[in-house]
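Enquirer: For reference, the structure I am asking about is given below.
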Amino acid sequence: MSRLDGFKVFTRNDGGKIFISVTNYGVAFSKASVEKLNYPEYVHVLFDDFGNMAISPCERDNEARTFVRNRNNIRAGFVRWNDKKLINYMIKVGGLSIGPKGIRVQGEYFPDENIVIYNLKDYAQINQNEED
């Protein structure tokens with residue numbers, strides 16, 4: 001009999017939570033957001049009239065934004081954009097109120113179109129002790 005009988009390995013089978021963190025200085029995408037899209041080098045950022053923001057992998061073009069520069073890099077799952085114009089537009093479209101620690105906006109992955117959509121009108125303030 002082993003001391004580990006009855007124990008189960010903890011795994012994150014869901015791939016983690018899909019979200020963005022928005023502060024007055026930048027937008028950071030969760031590792032799960034990047035993984036679900038399969039580490040694309042470029043994405044389009046799209047908005048609709050209902051306060052949603054979509055991220056869609058694309059080829060390099062005039063509207064494309066760099067997303068993952070090198071998927072083999074140890075930090076490939078981390079994407080942060082320091083773009084005040086984008087943040088201001090997100091505030092306008094989503095009616096965001098960014099507190100001192102920022103906000104978190106949950107996203108949803110749609111595998112049939114390989115896109116992630118974030119509802120900017122449904123956000124939560126980030127607390128100082130928040131972990132994830």
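Note on naming: chains are A, B, ... as they come in the structure tokens, residues start from 1 per chain, ligands start from 1 in the order shown.
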Would you mind writing down, as a list in words, each residue of stretch 74-110 of chain A that DSSP on the backbone assigns to alpha helix (DSSP H)?

Expert: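 The alpha helix (DSSP H) residues within stretch 74-110 of chain A come out as Lys84, Lys85, Leu86, Ile87, Asn88, Tyr89, Met90, Ile91, Lys92, Val93 and Gly94 of chain A.
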
Enquirer: Applying 10 Å and only C-alpha atoms, which residues near A:Val79 remain after dropping the ones on its own chain fewer than 3 positions away? List them as a list in words.

Expert: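 Contacts, with the query itself left out: Ile20, Val27, Ala28, Phe29, Ser30, Lys31, Ser33, Val34, Tyr39, Thr66, Phe67, Val68, Arg69, Arg75 and Ala76 of chain A.
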
Enquirer: Mind pulling up the distance from atom CA of A:Lys121 to atom CA of A:Met90?

Expert: 9.8 Å

Enquirer: Neighbours of A:Leu96 within 8 Å (only C-alpha atoms; same-chain residues fewer than 3 positions away dropped), as an MDAnalysis selection string?

Expert: chainID A and resid 90:93 120:121 123

Enquirer: Limited to C-alpha atoms, could you put the picked residues into a file as a PDB file, in the first residue's frame?

Expert:
```pdb
ATOM      1  CA  MET A  90     -12.088  49.623 -25.334  1.00  0.00           C
ATOM      2  CA  ILE A  91     -13.229  51.995 -22.573  1.00  0.00           C
ATOM      3  CA  LYS A  92     -15.501  53.798 -25.032  1.00  0.00           C
ATOM      4  CA  VAL A  93     -16.981  50.662 -26.637  1.00  0.00           C
ATOM      5  CA  LEU A 120     -16.244  44.203 -22.588  1.00  0.00           C
ATOM      6  CA  LYS A 121     -19.515  45.041 -20.840  1.00  0.00           C
ATOM      7  CA  TYR A 123     -15.942  42.706 -16.442  1.00  0.00           C
TER       8      TYR A 123
END
```

Enquirer: Give me the residues near A:Arg71 as a PDB file with C-alpha atoms, in the first residue's frame, where near means some atom within 12 Å (using only C-alpha atoms) and where sequence neighbours in that chain fewer than 6 positions away do not count.

Expert:
```pdb
ATOM      1  CA  VAL A  34      -2.988  32.498 -26.563  1.00  0.00           C
ATOM      2  CA  GLU A  35      -2.994  28.686 -26.400  1.00  0.00           C
ATOM      3  CA  LEU A  37      -5.631  30.338 -30.805  1.00  0.00           C
ATOM      4  CA  ASN A  38      -2.523  28.153 -31.229  1.00  0.00           C
ATOM      5  CA  TYR A  39       0.038  30.932 -30.750  1.00  0.00           C
ATOM      6  CA  PRO A  40      -0.659  32.961 -33.896  1.00  0.00           C
ATOM      7  CA  GLU A  41       1.995  35.386 -35.038  1.00  0.00           C
ATOM      8  CA  TYR A  42      -0.602  37.938 -36.159  1.00  0.00           C
ATOM      9  CA  GLY A  77       2.127  32.274 -23.888  1.00  0.00           C
ATOM     10  CA  PHE A  78       2.403  35.841 -22.640  1.00  0.00           C
ATOM     11  CA  VAL A  79       1.054  38.663 -24.790  1.00  0.00           C
TER      12      VAL A  79
END
```

Enquirer: Contacts of A:Ile55 at 7 Å or less, counting only C-alpha atoms, minus same-chain residues fewer than 3 places along, as a PyMOL selection string?

Expert: chain A and resi 43-46+115-117

Enquirer: Just to be explicit: take each residue in the selection above, keep C-alpha atoms, and write the result as a short mmCIF file (atom, residue, chain, number, x, y, z; two decimals), in the first residue's frame.

Expert:
```
data_model
loop_
_atom_site.label_atom_id
_atom_site.label_comp_id
_atom_site.auth_asym_id
_atom_site.auth_seq_id
_atom_site.Cartn_x
_atom_site.Cartn_y
_atom_site.Cartn_z
CA VAL A 43 -4.20 38.71 -35.22
CA HIS A 44 -6.94 41.10 -36.19
CA VAL A 45 -8.68 42.98 -33.38
CA LEU A 46 -12.36 43.50 -34.12
CA ILE A 115 -11.63 33.16 -32.56
CA VAL A 116 -11.84 34.44 -29.01
CA ILE A 117 -14.53 36.96 -28.09
#
```

Enquirer: Could you give me the residues within chain A that DSSP places in strand (DSSP E or B), as a VMD selection string?

Expert: chain A and resid 19 to 22 27 to 29 42 to 47 52 to 57 65 to 66 79 to 81 103 to 110 115 to 125

Enquirer: Pick from A:Asp122, A:Glu113, A:Glu63, A:Asp49: nearest to A:Phe19, with only C-alpha atoms counted?

Expert: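 Of A:Asp122, A:Glu113, A:Glu63, A:Asp49, the one nearest A:Phe19, counting only C-alpha atoms, is A:Asp122.
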
Enquirer: When you look at A:Gln125 with a cut-off of 8 Å (counting only C-alpha atoms), what residues show up, excluding the ones that are within fewer than 5 positions of it in the same chain? I need them as a PyMOL selection string.

Expert: chain A and resi 98-99+101-104

Enquirer: Got time to write the residues from that selection, N, CA and C atoms, as an mmCIF file, in the first residue's frame?

Expert:
```cif
data_model
loop_
_atom_site.group_PDB
_atom_site.id
_atom_site.type_symbol
_atom_site.label_atom_id
_atom_site.label_comp_id
_atom_site.auth_asym_id
_atom_site.auth_seq_id
_atom_site.Cartn_x
_atom_site.Cartn_y
_atom_site.Cartn_z
ATOM 1 N N ILE A 98 -11.933 51.369 -15.381
ATOM 2 C CA ILE A 98 -10.712 50.690 -14.961
ATOM 3 C C ILE A 98 -10.285 51.246 -13.615
ATOM 4 N N GLY A 99 -10.285 50.388 -12.606
ATOM 5 C CA GLY A 99 -9.884 50.787 -11.262
ATOM 6 C C GLY A 99 -8.378 50.840 -11.119
ATOM 7 N N LYS A 101 -6.261 48.744 -9.896
ATOM 8 C CA LYS A 101 -5.575 47.487 -10.205
ATOM 9 C C LYS A 101 -5.934 46.959 -11.584
ATOM 10 N N GLY A 102 -6.898 47.582 -12.242
ATOM 11 C CA GLY A 102 -7.327 47.132 -13.556
ATOM 12 C C GLY A 102 -8.577 46.277 -13.485
ATOM 13 N N ILE A 103 -8.947 45.736 -14.635
ATOM 14 C CA ILE A 103 -10.134 44.893 -14.727
ATOM 15 C C ILE A 103 -9.795 43.594 -15.438
ATOM 16 N N ARG A 104 -10.677 42.625 -15.269
ATOM 17 C CA ARG A 104 -10.542 41.345 -15.970
ATOM 18 C C ARG A 104 -11.822 41.122 -16.761
#
```

Enquirer: State, in Å with one decimal place, the distance from atom CA of A:Arg80 to atom CA of A:Gly26.

Expert: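 Going from atom CA of A:Arg80 over to atom CA of A:Gly26 covers 6.7 Å.
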